[in-house]
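Data from input.cif: mmCIF, C-alpha atoms and all ligand atoms
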```
data_protein
#
loop_
_atom_site.group_PDB
_atom_site.id
_atom_site.type_symbol
_atom_site.label_atom_id
_atom_site.label_comp_id
_atom_site.auth_asym_id
_atom_site.auth_seq_id
_atom_site.Cartn_x
_atom_site.Cartn_y
_atom_site.Cartn_z
ATOM 1 C CA MET A 26 -67.976 34.103 -27.286
ATOM 2 C CA THR A 27 -66.435 30.666 -27.406
ATOM 3 C CA SER A 28 -67.773 28.166 -29.871
ATOM 4 C CA VAL A 29 -68.956 24.963 -28.277
ATOM 5 C CA PRO A 30 -69.460 21.937 -30.505
ATOM 6 C CA ASN A 31 -72.902 20.433 -30.689
ATOM 7 C CA THR A 32 -72.379 17.328 -28.599
ATOM 8 C CA LEU A 33 -75.610 15.696 -29.727
ATOM 9 C CA THR A 34 -74.627 15.442 -33.375
ATOM 10 C CA LEU A 35 -71.092 14.253 -32.489
ATOM 11 C CA LYS A 36 -69.780 16.246 -35.410
ATOM 12 C CA PRO A 37 -65.968 16.115 -35.513
ATOM 13 C CA TYR A 38 -64.467 19.316 -34.186
ATOM 14 C CA PHE A 39 -60.785 20.094 -34.764
ATOM 15 C CA PRO A 40 -59.944 23.505 -33.301
ATOM 16 C CA LEU A 41 -56.532 25.075 -33.786
ATOM 17 C CA ALA A 42 -54.674 23.299 -30.970
ATOM 18 C CA GLY A 43 -50.971 22.553 -31.139
ATOM 19 C CA VAL A 44 -48.765 22.493 -34.209
ATOM 20 C CA GLY A 45 -49.786 19.097 -35.595
ATOM 21 C CA GLN A 46 -52.896 19.791 -37.671
ATOM 22 C CA ASP A 47 -53.431 16.401 -39.314
ATOM 23 C CA GLY A 48 -55.488 14.659 -36.637
ATOM 24 C CA TRP A 49 -58.513 12.646 -37.720
ATOM 25 C CA SER A 50 -61.447 10.607 -36.443
ATOM 26 C CA ASP A 51 -63.526 8.221 -38.524
ATOM 27 C CA GLY A 52 -66.134 6.973 -36.089
ATOM 28 C CA ASP A 53 -64.249 3.838 -35.010
ATOM 29 C CA ARG A 54 -60.780 5.276 -34.428
ATOM 30 C CA ALA A 55 -59.228 8.676 -33.747
ATOM 31 C CA THR A 56 -55.840 10.296 -33.229
ATOM 32 C CA ALA A 57 -54.084 11.804 -30.227
ATOM 33 C CA THR A 58 -51.206 14.138 -31.070
ATOM 34 C CA CYS A 59 -48.619 15.879 -28.902
ATOM 35 C CA PHE A 60 -48.375 19.681 -28.769
ATOM 36 C CA CYS A 61 -45.564 19.922 -31.363
ATOM 37 C CA GLY A 62 -46.976 17.238 -33.669
ATOM 38 C CA ALA A 63 -43.977 14.883 -33.566
ATOM 39 C CA VAL A 64 -45.850 12.073 -31.798
ATOM 40 C CA GLN A 65 -49.204 10.811 -33.020
ATOM 41 C CA LEU A 66 -51.182 7.822 -31.762
ATOM 42 C CA SER A 67 -54.430 6.316 -32.945
ATOM 43 C CA PHE A 68 -56.868 4.398 -30.776
ATOM 44 C CA PRO A 69 -60.367 2.868 -30.881
ATOM 45 C CA THR A 70 -63.228 5.105 -29.733
ATOM 46 C CA GLN A 71 -65.305 2.242 -28.349
ATOM 47 C CA GLY A 72 -64.971 -1.102 -26.625
ATOM 48 C CA PRO A 73 -63.407 -3.548 -26.456
ATOM 49 C CA GLY A 74 -60.284 -1.570 -27.390
ATOM 50 C CA LEU A 75 -61.406 1.463 -25.398
ATOM 51 C CA VAL A 76 -61.417 0.089 -21.856
ATOM 52 C CA ASP A 77 -62.475 3.015 -19.657
ATOM 53 C CA THR A 78 -62.525 6.798 -19.205
ATOM 54 C CA PHE A 79 -61.825 8.581 -15.931
ATOM 55 C CA ILE A 80 -60.801 11.754 -14.158
ATOM 56 C CA CYS A 81 -58.092 11.436 -11.507
ATOM 57 C CA HIS A 82 -57.501 13.974 -8.745
ATOM 58 C CA CYS A 83 -54.670 12.086 -7.039
ATOM 59 C CA THR A 84 -51.685 14.141 -5.952
ATOM 60 C CA ASP A 85 -49.461 12.518 -8.590
ATOM 61 C CA CYS A 86 -51.859 13.495 -11.360
ATOM 62 C CA ARG A 87 -51.910 17.066 -10.147
ATOM 63 C CA LYS A 88 -48.120 17.234 -10.230
ATOM 64 C CA ILE A 89 -47.755 15.397 -13.559
ATOM 65 C CA THR A 90 -50.288 17.538 -15.395
ATOM 66 C CA ALA A 91 -49.083 20.771 -13.756
ATOM 67 C CA SER A 92 -52.812 21.261 -13.245
ATOM 68 C CA MET A 93 -55.520 20.175 -10.799
ATOM 69 C CA PHE A 94 -56.528 16.798 -12.250
ATOM 70 C CA ALA A 95 -55.915 14.404 -15.127
ATOM 71 C CA SER A 96 -58.558 13.291 -17.622
ATOM 72 C CA ASN A 97 -57.653 9.858 -18.902
ATOM 73 C CA PHE A 98 -58.790 6.949 -21.003
ATOM 74 C CA THR A 99 -57.478 3.426 -20.944
ATOM 75 C CA VAL A 100 -56.756 1.576 -24.187
ATOM 76 C CA ASP A 101 -55.973 -2.113 -24.733
ATOM 77 C CA ASP A 102 -52.430 -2.108 -26.184
ATOM 78 C CA THR A 103 -53.351 -4.494 -28.986
ATOM 79 C CA TYR A 104 -55.579 -1.697 -30.374
ATOM 80 C CA LEU A 105 -53.092 1.161 -29.869
ATOM 81 C CA VAL A 106 -51.141 2.335 -32.942
ATOM 82 C CA HIS A 107 -48.133 4.644 -32.913
ATOM 83 C CA GLU A 108 -48.814 6.554 -36.137
ATOM 84 C CA ARG A 109 -45.504 8.406 -35.908
ATOM 85 C CA GLY A 110 -42.803 9.590 -33.535
ATOM 86 C CA ARG A 111 -42.436 6.490 -31.367
ATOM 87 C CA GLU A 112 -38.655 7.050 -31.435
ATOM 88 C CA ASN A 113 -39.324 10.567 -30.123
ATOM 89 C CA ILE A 114 -40.976 9.282 -26.932
ATOM 90 C CA SER A 115 -39.014 9.479 -23.678
ATOM 91 C CA THR A 116 -39.984 7.612 -20.537
ATOM 92 C CA TYR A 117 -39.811 8.248 -16.822
ATOM 93 C CA SER A 118 -40.754 5.667 -14.182
ATOM 94 C CA GLN A 119 -41.217 5.701 -10.454
ATOM 95 C CA SER A 120 -43.242 3.916 -7.774
ATOM 96 C CA GLN A 121 -42.525 5.992 -4.658
ATOM 97 C CA THR A 122 -45.703 8.040 -4.719
ATOM 98 C CA VAL A 123 -48.073 5.746 -6.590
ATOM 99 C CA THR A 124 -50.856 4.938 -4.119
ATOM 100 C CA THR A 125 -51.115 1.316 -5.198
ATOM 101 C CA GLY A 126 -47.347 0.724 -4.929
ATOM 102 C CA HIS A 127 -47.121 -0.139 -8.625
ATOM 103 C CA THR A 128 -44.572 1.415 -10.972
ATOM 104 C CA MET A 129 -46.016 3.939 -13.386
ATOM 105 C CA THR A 130 -44.051 4.884 -16.496
ATOM 106 C CA ASN A 131 -44.752 8.191 -18.209
ATOM 107 C CA HIS A 132 -44.334 8.318 -21.980
ATOM 108 C CA PHE A 133 -43.871 11.861 -23.213
ATOM 109 C CA CYS A 134 -42.725 13.692 -26.341
ATOM 110 C CA SER A 135 -39.001 14.416 -26.118
ATOM 111 C CA THR A 136 -39.478 17.656 -28.046
ATOM 112 C CA CYS A 137 -42.509 19.368 -26.478
ATOM 113 C CA GLY A 138 -42.973 17.384 -23.264
ATOM 114 C CA SER A 139 -46.619 16.410 -23.845
ATOM 115 C CA LEU A 140 -47.477 13.417 -21.694
ATOM 116 C CA MET A 141 -49.041 10.979 -24.182
ATOM 117 C CA TYR A 142 -49.703 7.984 -21.951
ATOM 118 C CA ARG A 143 -48.776 6.197 -18.768
ATOM 119 C CA VAL A 144 -48.186 2.484 -18.392
ATOM 120 C CA GLY A 145 -48.581 0.863 -14.975
ATOM 121 C CA THR A 146 -47.527 -2.528 -13.685
ATOM 122 C CA GLY A 147 -51.025 -2.645 -12.164
ATOM 123 C CA PHE A 148 -52.601 -2.425 -15.646
ATOM 124 C CA PRO A 149 -50.786 -5.033 -17.746
ATOM 125 C CA GLY A 150 -51.435 -4.797 -21.480
ATOM 126 C CA MET A 151 -52.977 -1.354 -21.275
ATOM 127 C CA SER A 152 -51.939 2.252 -21.770
ATOM 128 C CA ILE A 153 -53.546 5.222 -20.065
ATOM 129 C CA LEU A 154 -53.907 8.025 -22.602
ATOM 130 C CA ARG A 155 -54.912 11.683 -22.054
ATOM 131 C CA ILE A 156 -58.253 12.980 -23.256
ATOM 132 C CA GLY A 157 -56.705 16.421 -23.796
ATOM 133 C CA THR A 158 -54.339 15.122 -26.493
ATOM 134 C CA VAL A 159 -57.212 13.806 -28.648
ATOM 135 C CA ASP A 160 -57.448 15.919 -31.802
ATOM 136 C CA ASP A 161 -61.210 15.642 -32.358
ATOM 137 C CA PHE A 162 -62.506 17.727 -29.448
ATOM 138 C CA SER A 163 -66.078 16.482 -29.936
ATOM 139 C CA LEU A 164 -64.878 13.142 -28.533
ATOM 140 C CA HIS A 165 -63.978 14.865 -25.240
ATOM 141 C CA GLU A 166 -67.685 15.605 -24.895
ATOM 142 C CA SER A 167 -69.046 12.288 -26.086
ATOM 143 C CA LYS A 168 -67.358 8.887 -26.337
ATOM 144 C CA LEU A 169 -64.424 9.933 -24.127
ATOM 145 C CA LYS A 170 -66.491 11.697 -21.485
ATOM 146 C CA PRO A 171 -65.179 10.386 -18.139
ATOM 147 C CA ARG A 172 -67.212 7.584 -16.579
ATOM 148 C CA ILE A 173 -65.538 7.755 -13.175
ATOM 149 C CA GLU A 174 -64.038 10.526 -11.085
ATOM 150 C CA GLN A 175 -61.522 9.078 -8.607
ATOM 151 C CA PHE A 176 -59.491 10.376 -5.656
ATOM 152 C CA ILE A 177 -62.127 13.033 -5.098
ATOM 153 C CA LYS A 178 -60.745 13.226 -1.540
ATOM 154 C CA ASP A 179 -57.796 15.081 -3.122
ATOM 155 C CA ARG A 180 -59.923 17.334 -5.342
ATOM 156 C CA VAL A 181 -59.373 21.072 -4.825
ATOM 157 C CA ALA A 182 -62.233 22.563 -2.823
ATOM 158 C CA TRP A 183 -63.114 25.097 -5.514
ATOM 159 C CA LEU A 184 -63.874 22.416 -8.091
ATOM 160 C CA HIS A 185 -67.187 20.548 -8.139
ATOM 161 C CA ALA A 186 -68.032 17.006 -9.165
ATOM 162 C CA ALA A 187 -68.342 16.444 -12.910
ATOM 163 C CA GLU A 188 -71.925 16.062 -14.097
ATOM 164 C CA ASP A 189 -73.251 12.494 -14.287
ATOM 165 C CA VAL A 190 -69.869 11.012 -13.426
ATOM 166 C CA GLU A 191 -69.518 8.290 -10.776
ATOM 167 C CA GLN A 192 -67.740 9.669 -7.693
ATOM 168 C CA VAL A 193 -65.095 7.588 -5.902
ATOM 169 C CA GLN A 194 -63.258 8.817 -2.776
ATOM 170 C CA GLY A 195 -59.996 6.977 -3.491
ATOM 171 C CA TYR A 196 -58.769 4.465 -6.017
ATOM 172 C CA ALA A 197 -61.585 3.177 -8.225
ATOM 173 C CA TYR A 198 -59.843 0.145 -9.699
ATOM 174 C CA ALA A 199 -58.866 -1.736 -6.530
HETATM 175 ZN ZN ZN B 1 -44.288 16.913 -29.186
HETATM 176 ZN ZN ZN B 2 -54.062 10.048 -10.511
#
```

Is it possible to express this structure as structure tokens?
Ligand SMILES: [Zn+2]
Ligand SMILES: [Zn+2]
Amino acid sequence: MTSVPNTLTLKPYFPLAGVGQDGWSDGDRATATCFCGAVQLSFPTQGPGLVDTFICHCTDCRKITASMFASNFTVDDTYLVHERGRENISTYSQSQTVTTGHTMTNHFCSTCGSLMYRVGTGFPGMSILRIGTVDDFSLHESKLKPRIEQFIKDRVAWLHAAEDVEQVQGYAYA
């Protein structure tokens, strides 16, 4: 049996996940930590600092995550805090395969490789974080639940639409 947090009470839920075990959430803000614990961010869990939440099935996201889709949330940079490990972040940029033609820069932990956020020239002043790096897993089910599912045209056929999530064939932010 797996234990599933009660999503109605929004009780913080910090399972054993990764080496960094000092994540926190206090209702207004929460942490996102890389797999080895070297890099930790904190971000607001509601607007205006929390801009949006979305799933992306684009071919880049499949390759970047080494999985079938990315689950993301966008944060206004003025609300984003690097709690530790900023010097341990490496970056990689390219624009060749980005559908919109913009340059996207990946920011990942130099030690463990966790992708912490992406910054795009199409989203000035914002960083696109990863729901999976958020330490309080109850937020994955509640405040960070994706609002939009985009590039569903590229979704693998064996995966169904997320429940109560707006479906968009291609790019949702055009
Ligand atoms: Zn790391
Ligand atoms: Zn994508």

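Nearest to Phe133 (chain A) of all the residues A:Thr146, A:Thr58, A:Ser50, A:Thr70 is A:Thr58, counting all atoms listed in the file.
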
Taking the file as I've supplied it (selection: the PyMOL selection byres (((chain A and resi 172) around 6) and not hetatm)), which residues are included? Please answer as an mmCIF file with C-alpha atoms, keeping the file's coordinate frame.
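Generated file (expr.cif):
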```cif
data_model
loop_
_atom_site.group_PDB
_atom_site.id
_atom_site.type_symbol
_atom_site.label_atom_id
_atom_site.label_comp_id
_atom_site.auth_asym_id
_atom_site.auth_seq_id
_atom_site.Cartn_x
_atom_site.Cartn_y
_atom_site.Cartn_z
ATOM 1 C CA THR A 78 -62.525 6.798 -19.205
ATOM 2 C CA PHE A 79 -61.825 8.581 -15.931
ATOM 3 C CA PRO A 171 -65.179 10.386 -18.139
ATOM 4 C CA ILE A 173 -65.538 7.755 -13.175
ATOM 5 C CA VAL A 190 -69.869 11.012 -13.426
#
```

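Take the candidates A:Gln175, A:Ser135, A:Ser92, A:Gln192 and check each one against Phe60 (chain A) using all atoms listed in the file; the shortest distance goes to A:Ser135.
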
Surrounding residues of Phe176 (chain A) excluding itself and chain neighbours under 6 positions, 10 Å, all atoms listed in the file, as a PyMOL selection string: chain A and resi 80-84+94+192-197

Store the residues picked out above in a file with C-alpha atoms, as an mmCIF file, in the frame of the given file.
```
data_model
loop_
_atom_site.group_PDB
_atom_site.id
_atom_site.type_symbol
_atom_site.label_atom_id
_atom_site.label_comp_id
_atom_site.auth_asym_id
_atom_site.auth_seq_id
_atom_site.Cartn_x
_atom_site.Cartn_y
_atom_site.Cartn_z
ATOM 1 C CA ILE A 80 -60.801 11.754 -14.158
ATOM 2 C CA CYS A 81 -58.092 11.436 -11.507
ATOM 3 C CA HIS A 82 -57.501 13.974 -8.745
ATOM 4 C CA CYS A 83 -54.670 12.086 -7.039
ATOM 5 C CA THR A 84 -51.685 14.141 -5.952
ATOM 6 C CA PHE A 94 -56.528 16.798 -12.250
ATOM 7 C CA GLN A 192 -67.740 9.669 -7.693
ATOM 8 C CA VAL A 193 -65.095 7.588 -5.902
ATOM 9 C CA GLN A 194 -63.258 8.817 -2.776
ATOM 10 C CA GLY A 195 -59.996 6.977 -3.491
ATOM 11 C CA TYR A 196 -58.769 4.465 -6.017
ATOM 12 C CA ALA A 197 -61.585 3.177 -8.225
#
```

Expanded to explicit residues, what is the PyMOL selection byres (((not hetatm)) within 10 of (chain B and resi 1)) for this file, as a PyMOL selection string? chain A and resi 43-45+58-65+110+113-114+133-141

May I ask which of the residues A:Ala95, A:Ala187, A:Ala182, A:Leu75 is the closest one to Arg155 (chain A), counting all atoms listed in the file?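 Once distances to Arg155 (chain A) are computed over all atoms listed in the file, the minimum belongs to A:Ala95.
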
Using all atoms listed in the file, which residue out of A:Asp102, A:Asp179, A:Asp77, A:Asp161 lies closest to ligand ZN 2 (chain B)?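 Going through A:Asp102, A:Asp179, A:Asp77, A:Asp161 one by one, the smallest distance to ligand ZN 2 (chain B) is for A:Asp179.
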
Answer key for the PyMOL selection byres (((chain A and resi 66) around 6) and not hetatm), residues as a list in words: Thr56, Ala57, Gln65, Ser67, Val106, His107 and Glu108 of chain A

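Here CA of Asp160 (chain A) stands at a distance of 15.5 Å from CA of Leu105 (chain A).
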
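Distances here use all atoms listed in the file; by that measure, the residue among A:Lys168, A:Arg180, A:His132, A:Arg111 closest to ligand ZN 2 (chain B) is A:Arg180.
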
Between CA of Arg54 (chain A) and CA of Ala186 (chain A), what distance in Å does the model show, to one decimal?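 Computing the Euclidean distance for CA of Arg54 (chain A) and CA of Ala186 (chain A) yields 28.8 Å.
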
Would you work out the distance separating CA of Ile153 (chain A) from CA of Met93 (chain A), expressed in Å to one decimal?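 Going from CA of Ile153 (chain A) over to CA of Met93 (chain A) covers 17.7 Å.
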
Between A:His165, A:Arg87, A:Pro40, A:Trp49, which is the closest to Val181 (chain A) once you count only C-alpha atoms?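 Nearest candidate to Val181 (chain A) out of A:His165, A:Arg87, A:Pro40, A:Trp49: A:Arg87.
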
Just the residues within 12 Å of Gln71 (chain A), please, counting only C-alpha atoms, with nothing from its chain fewer than 4 positions along; format it as number ranges by chain. A: 51-55, 75-78, 98-101, 104, 164, 167-170

Could you turn the residues from that selection into a file that holds C-alpha atoms, as a compact mmCIF listing (two decimals), keeping the file's coordinate frame?
```txt
# COMPACT_ATOMS: atom_id res chain seq x y z
CA ASP A 51 -63.53 8.22 -38.52
CA GLY A 52 -66.13 6.97 -36.09
CA ASP A 53 -64.25 3.84 -35.01
CA ARG A 54 -60.78 5.28 -34.43
CA ALA A 55 -59.23 8.68 -33.75
CA LEU A 75 -61.41 1.46 -25.40
CA VAL A 76 -61.42 0.09 -21.86
CA ASP A 77 -62.48 3.02 -19.66
CA THR A 78 -62.52 6.80 -19.20
CA PHE A 98 -58.79 6.95 -21.00
CA THR A 99 -57.48 3.43 -20.94
CA VAL A 100 -56.76 1.58 -24.19
CA ASP A 101 -55.97 -2.11 -24.73
CA TYR A 104 -55.58 -1.70 -30.37
CA LEU A 164 -64.88 13.14 -28.53
CA SER A 167 -69.05 12.29 -26.09
CA LYS A 168 -67.36 8.89 -26.34
CA LEU A 169 -64.42 9.93 -24.13
CA LYS A 170 -66.49 11.70 -21.48
```
